[in-house]
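K.L.:
I'm passing along final-v7.cif; it holds mmCIF, N, CA and C atoms.
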```
data_protein
loop_
_atom_site.group_PDB
_atom_site.id
_atom_site.type_symbol
_atom_site.label_atom_id
_atom_site.label_comp_id
_atom_site.auth_asym_id
_atom_site.auth_seq_id
_atom_site.Cartn_x
_atom_site.Cartn_y
_atom_site.Cartn_z
ATOM 1 N N MET V 482 115.441 101.462 83.877
ATOM 2 C CA MET V 482 114.938 100.724 85.029
ATOM 3 C C MET V 482 113.429 100.898 85.113
ATOM 4 N N ASN V 483 112.731 99.856 85.425
ATOM 5 C CA ASN V 483 111.278 99.875 85.532
ATOM 6 C C ASN V 483 110.846 100.682 86.758
ATOM 7 N N THR V 484 110.022 101.709 86.530
ATOM 8 C CA THR V 484 109.571 102.572 87.626
ATOM 9 C C THR V 484 108.777 101.789 88.661
ATOM 10 N N GLN V 485 107.949 100.863 88.199
ATOM 11 C CA GLN V 485 107.125 100.093 89.115
ATOM 12 C C GLN V 485 107.989 99.272 90.075
ATOM 13 N N SER V 486 109.025 98.604 89.561
ATOM 14 C CA SER V 486 109.888 97.816 90.436
ATOM 15 C C SER V 486 110.699 98.724 91.358
ATOM 16 N N THR V 487 111.049 99.918 90.895
ATOM 17 C CA THR V 487 111.774 100.871 91.729
ATOM 18 C C THR V 487 110.919 101.312 92.907
ATOM 19 N N ASN V 488 109.632 101.547 92.680
ATOM 20 C CA ASN V 488 108.732 101.969 93.750
ATOM 21 C C ASN V 488 108.530 100.882 94.800
ATOM 22 N N ARG V 489 108.700 99.640 94.414
ATOM 23 C CA ARG V 489 108.495 98.528 95.340
ATOM 24 C C ARG V 489 109.761 98.130 96.088
ATOM 25 N N ARG V 490 110.885 98.712 95.709
ATOM 26 C CA ARG V 490 112.164 98.359 96.313
ATOM 27 C C ARG V 490 112.148 98.668 97.803
ATOM 28 N N ARG V 491 112.702 97.770 98.574
ATOM 29 C CA ARG V 491 112.826 97.985 100.015
ATOM 30 C C ARG V 491 114.291 97.903 100.401
ATOM 31 N N ASP V 492 114.703 98.738 101.316
ATOM 32 C CA ASP V 492 116.051 98.674 101.855
ATOM 33 C C ASP V 492 116.010 97.856 103.137
ATOM 34 N N ALA V 493 117.096 97.208 103.442
ATOM 35 C CA ALA V 493 117.179 96.393 104.649
ATOM 36 C C ALA V 493 117.315 97.281 105.886
ATOM 37 N N CYS V 494 116.735 96.814 106.965
ATOM 38 C CA CYS V 494 116.840 97.505 108.254
ATOM 39 C C CYS V 494 116.869 96.421 109.325
ATOM 40 N N SER V 495 117.965 96.328 110.014
ATOM 41 C CA SER V 495 118.122 95.296 111.031
ATOM 42 C C SER V 495 117.742 95.857 112.399
ATOM 43 N N LEU V 496 116.961 95.091 113.149
ATOM 44 C CA LEU V 496 116.540 95.503 114.485
ATOM 45 C C LEU V 496 116.889 94.428 115.502
ATOM 46 N N ARG V 497 117.246 94.853 116.673
ATOM 47 C CA ARG V 497 117.451 93.912 117.781
ATOM 48 C C ARG V 497 116.259 94.095 118.718
ATOM 49 N N ILE V 498 115.456 93.034 118.831
ATOM 50 C CA ILE V 498 114.216 93.106 119.598
ATOM 51 C C ILE V 498 114.179 91.953 120.591
ATOM 52 N N LYS V 499 113.797 92.246 121.812
ATOM 53 C CA LYS V 499 113.687 91.202 122.835
ATOM 54 C C LYS V 499 112.649 90.171 122.409
ATOM 55 N N ASN V 500 112.888 88.927 122.788
ATOM 56 C CA ASN V 500 112.000 87.830 122.408
ATOM 57 C C ASN V 500 110.558 88.085 122.850
ATOM 58 N N ASP V 501 110.354 88.606 124.046
ATOM 59 C CA ASP V 501 108.993 88.889 124.519
ATOM 60 C C ASP V 501 108.288 89.880 123.598
ATOM 61 N N ASP V 502 109.021 90.869 123.120
ATOM 62 C CA ASP V 502 108.440 91.851 122.202
ATOM 63 C C ASP V 502 108.140 91.229 120.844
ATOM 64 N N ILE V 503 109.006 90.329 120.382
ATOM 65 C CA ILE V 503 108.764 89.638 119.116
ATOM 66 C C ILE V 503 107.487 88.818 119.191
ATOM 67 N N VAL V 504 107.300 88.124 120.303
ATOM 68 C CA VAL V 504 106.083 87.321 120.482
ATOM 69 C C VAL V 504 104.854 88.226 120.435
ATOM 70 N N LEU V 505 104.905 89.347 121.123
ATOM 71 C CA LEU V 505 103.789 90.291 121.134
ATOM 72 C C LEU V 505 103.526 90.850 119.737
ATOM 73 N N ILE V 506 104.581 91.254 119.054
ATOM 74 C CA ILE V 506 104.450 91.794 117.691
ATOM 75 C C ILE V 506 103.879 90.741 116.757
ATOM 76 N N ASP V 507 104.370 89.518 116.859
ATOM 77 C CA ASP V 507 103.871 88.442 116.001
ATOM 78 C C ASP V 507 102.390 88.169 116.246
ATOM 79 N N LEU V 508 101.975 88.198 117.490
ATOM 80 C CA LEU V 508 100.551 87.985 117.800
ATOM 81 C C LEU V 508 99.692 89.100 117.210
ATOM 82 N N ALA V 509 100.136 90.327 117.379
ATOM 83 C CA ALA V 509 99.388 91.468 116.842
ATOM 84 C C ALA V 509 99.372 91.448 115.318
ATOM 85 N N ALA V 510 100.499 91.140 114.714
ATOM 86 C CA ALA V 510 100.578 91.073 113.251
ATOM 87 C C ALA V 510 99.649 89.990 112.723
ATOM 88 N N SER V 511 99.664 88.852 113.354
ATOM 89 C CA SER V 511 98.796 87.745 112.943
ATOM 90 C C SER V 511 97.323 88.116 113.081
ATOM 91 N N ALA V 512 96.990 88.822 114.153
ATOM 92 C CA ALA V 512 95.601 89.240 114.369
ATOM 93 C C ALA V 512 95.126 90.180 113.270
ATOM 94 N N ARG V 513 96.049 90.915 112.663
ATOM 95 C CA ARG V 513 95.701 91.833 111.571
ATOM 96 C C ARG V 513 95.949 91.221 110.194
ATOM 97 N N GLY V 514 96.383 89.957 110.182
ATOM 98 C CA GLY V 514 96.652 89.299 108.906
ATOM 99 C C GLY V 514 97.865 89.858 108.199
ATOM 100 N N MET V 515 98.862 90.281 108.968
ATOM 101 C CA MET V 515 100.056 90.911 108.417
ATOM 102 C C MET V 515 101.295 90.115 108.782
ATOM 103 N N THR V 516 102.367 90.350 108.029
ATOM 104 C CA THR V 516 103.660 89.797 108.409
ATOM 105 C C THR V 516 104.253 90.669 109.518
ATOM 106 N N ARG V 517 105.241 90.131 110.187
ATOM 107 C CA ARG V 517 105.926 90.903 111.224
ATOM 108 C C ARG V 517 106.521 92.176 110.625
ATOM 109 N N THR V 518 107.181 92.039 109.495
ATOM 110 C CA THR V 518 107.806 93.202 108.856
ATOM 111 C C THR V 518 106.782 94.270 108.507
ATOM 112 N N ASP V 519 105.691 93.862 107.866
ATOM 113 C CA ASP V 519 104.663 94.835 107.493
ATOM 114 C C ASP V 519 104.060 95.506 108.719
ATOM 115 N N PHE V 520 103.834 94.737 109.769
ATOM 116 C CA PHE V 520 103.277 95.297 111.000
ATOM 117 C C PHE V 520 104.213 96.346 111.590
ATOM 118 N N ILE V 521 105.507 96.022 111.662
ATOM 119 C CA ILE V 521 106.481 96.957 112.229
ATOM 120 C C ILE V 521 106.580 98.213 111.375
ATOM 121 N N VAL V 522 106.590 98.050 110.048
ATOM 122 C CA VAL V 522 106.688 99.217 109.162
ATOM 123 C C VAL V 522 105.467 100.116 109.322
ATOM 124 N N VAL V 523 104.272 99.536 109.355
ATOM 125 C CA VAL V 523 103.047 100.330 109.515
ATOM 126 C C VAL V 523 103.063 101.053 110.856
ATOM 127 N N ALA V 524 103.426 100.344 111.924
ATOM 128 C CA ALA V 524 103.459 100.960 113.255
ATOM 129 C C ALA V 524 104.495 102.082 113.321
ATOM 130 N N ALA V 525 105.662 101.856 112.731
ATOM 131 C CA ALA V 525 106.710 102.887 112.736
ATOM 132 C C ALA V 525 106.280 104.094 111.912
ATOM 133 N N ARG V 526 105.646 103.851 110.769
ATOM 134 C CA ARG V 526 105.166 104.950 109.924
ATOM 135 C C ARG V 526 104.128 105.785 110.677
ATOM 136 N N GLU V 527 103.177 105.118 111.348
ATOM 137 C CA GLU V 527 102.150 105.838 112.113
ATOM 138 C C GLU V 527 102.782 106.648 113.243
ATOM 139 N N ALA V 528 103.756 106.064 113.928
ATOM 140 C CA ALA V 528 104.438 106.779 115.016
ATOM 141 C C ALA V 528 105.220 107.965 114.484
ATOM 142 N N ALA V 529 105.855 107.799 113.333
ATOM 143 C CA ALA V 529 106.626 108.903 112.738
ATOM 144 C C ALA V 529 105.708 110.051 112.334
ATOM 145 N N ARG V 530 104.608 109.722 111.683
ATOM 146 C CA ARG V 530 103.658 110.773 111.288
ATOM 147 C C ARG V 530 103.096 111.480 112.507
ATOM 148 N N SER V 531 102.768 110.723 113.534
ATOM 149 C CA SER V 531 102.241 111.309 114.761
ATOM 150 C C SER V 531 103.258 112.261 115.388
ATOM 151 N N ALA V 532 104.510 111.847 115.425
ATOM 152 C CA ALA V 532 105.564 112.692 115.999
ATOM 153 C C ALA V 532 105.736 113.969 115.191
ATOM 154 N N LEU V 533 105.664 113.837 113.872
ATOM 155 C CA LEU V 533 105.853 115.014 113.019
ATOM 156 C C LEU V 533 104.667 115.965 113.078
ATOM 157 N N HIS V 534 103.485 115.447 113.336
ATOM 158 C CA HIS V 534 102.288 116.284 113.380
ATOM 159 C C HIS V 534 101.927 116.735 114.796
ATOM 160 N N SER V 535 102.712 116.331 115.783
ATOM 161 C CA SER V 535 102.389 116.649 117.171
ATOM 162 C C SER V 535 102.707 118.088 117.546
ATOM 163 N N GLY V 536 103.432 118.761 116.691
ATOM 164 C CA GLY V 536 103.814 120.137 117.010
ATOM 165 C C GLY V 536 105.154 120.214 117.702
ATOM 166 N N ALA V 537 105.737 119.067 118.027
ATOM 167 C CA ALA V 537 107.055 119.066 118.644
ATOM 168 C C ALA V 537 108.080 119.482 117.602
ATOM 169 N N PRO V 538 109.071 120.254 118.004
ATOM 170 C CA PRO V 538 110.084 120.677 117.039
ATOM 171 C C PRO V 538 110.824 119.469 116.469
ATOM 172 N N VAL V 539 110.989 119.464 115.163
ATOM 173 C CA VAL V 539 111.685 118.382 114.481
ATOM 174 C C VAL V 539 112.706 119.006 113.534
ATOM 175 N N ALA V 540 113.916 118.522 113.588
ATOM 176 C CA ALA V 540 114.952 119.006 112.677
ATOM 177 C C ALA V 540 115.183 117.962 111.604
ATOM 178 N N LEU V 541 115.017 118.360 110.346
ATOM 179 C CA LEU V 541 115.267 117.463 109.231
ATOM 180 C C LEU V 541 116.560 117.879 108.555
ATOM 181 N N ALA V 542 117.308 116.905 108.091
ATOM 182 C CA ALA V 542 118.554 117.186 107.384
ATOM 183 C C ALA V 542 118.240 117.983 106.131
ATOM 184 N N PRO V 543 119.097 118.925 105.768
ATOM 185 C CA PRO V 543 118.848 119.759 104.588
ATOM 186 C C PRO V 543 118.663 118.956 103.306
ATOM 187 N N ASP V 544 119.310 117.797 103.215
ATOM 188 C CA ASP V 544 119.208 116.989 102.003
ATOM 189 C C ASP V 544 118.136 115.907 102.106
ATOM 190 N N ALA V 545 117.301 115.945 103.145
ATOM 191 C CA ALA V 545 116.263 114.925 103.331
ATOM 192 C C ALA V 545 115.225 115.023 102.227
ATOM 193 N N ASN V 546 114.636 113.903 101.906
ATOM 194 C CA ASN V 546 113.601 113.855 100.878
ATOM 195 C C ASN V 546 112.267 114.184 101.544
ATOM 196 N N HIS V 547 111.927 115.452 101.645
ATOM 197 C CA HIS V 547 110.742 115.904 102.360
ATOM 198 C C HIS V 547 109.446 115.506 101.665
ATOM 199 N N GLU V 548 109.505 115.192 100.376
ATOM 200 C CA GLU V 548 108.290 114.819 99.644
ATOM 201 C C GLU V 548 107.710 113.511 100.151
ATOM 202 N N ARG V 549 108.524 112.677 100.764
ATOM 203 C CA ARG V 549 108.043 111.373 101.230
ATOM 204 C C ARG V 549 107.245 111.473 102.516
ATOM 205 N N ILE V 550 107.305 112.596 103.201
ATOM 206 C CA ILE V 550 106.569 112.791 104.457
ATOM 207 C C ILE V 550 105.178 113.302 104.116
ATOM 208 N N ARG V 551 104.182 112.509 104.426
ATOM 209 C CA ARG V 551 102.801 112.896 104.131
ATOM 210 C C ARG V 551 101.923 112.794 105.342
#
```
For this file, write the structure as structure tokens.
P.N.:
Amino acid sequence: MNTQSTNRRRDACSLRIKNDDIVLIDLAASARGMTRTDFIVVAAREAARSALHSGAPVALAPDANHERIR
């Protein structure tokens, strides 16, 4: 299997979002020249990193891939 294509693979994630929030997200994504999906992923990644670096206790599953957290 090609390593490059493996690194680009994305898994599906379904979200239920209120229409008002979708409109807001779409406006913000457009203002940054991003797709809705990319905007949500970037925002979620930033929030996750912030939560992990905030000093709040976090429990990770023993089999979690800790190398992906940067």
K.L.:
Skip range 493-508 of chain V itself and residues of its chain fewer than 5 positions away, then list as a list in words all residues within 8 Å of it, counting all atoms listed in the file.
P.N.:
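Once the adjacent positions are removed, what remains is Arg513, Gly514, Met515, Thr516, Arg517, Phe520 and Ile521 of chain V.
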K.L.:
Once 3 Å is added on each side, what centre and edge lengths in Å to one decimal does the axis-aligned box around all listed atoms of range 521-524 of chain V have, as JSON?
P.N.:
```
{"center_x": 104.9, "center_y": 99.1, "center_z": 111.2, "size_x": 9.6, "size_y": 12.1, "size_z": 10.2}
```
K.L.:
What is the atom N of Leu541 in chain V-atom N of Arg526 in chain V distance in Å, reported with one decimal?
P.N.:
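Rounded to one decimal, the two atoms are 17.3 Å apart.
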K.L.:
Could you check how far atom N of Ala528 in chain V sits from atom C of Ala540 in chain V, in Å to one decimal?
P.N.:
16.7 Å
K.L.:
Report, in Å with one decimal, the straight-line distance from CA of Ala509 in chain V to CA of Asp492 in chain V.
P.N.:
23.5 Å
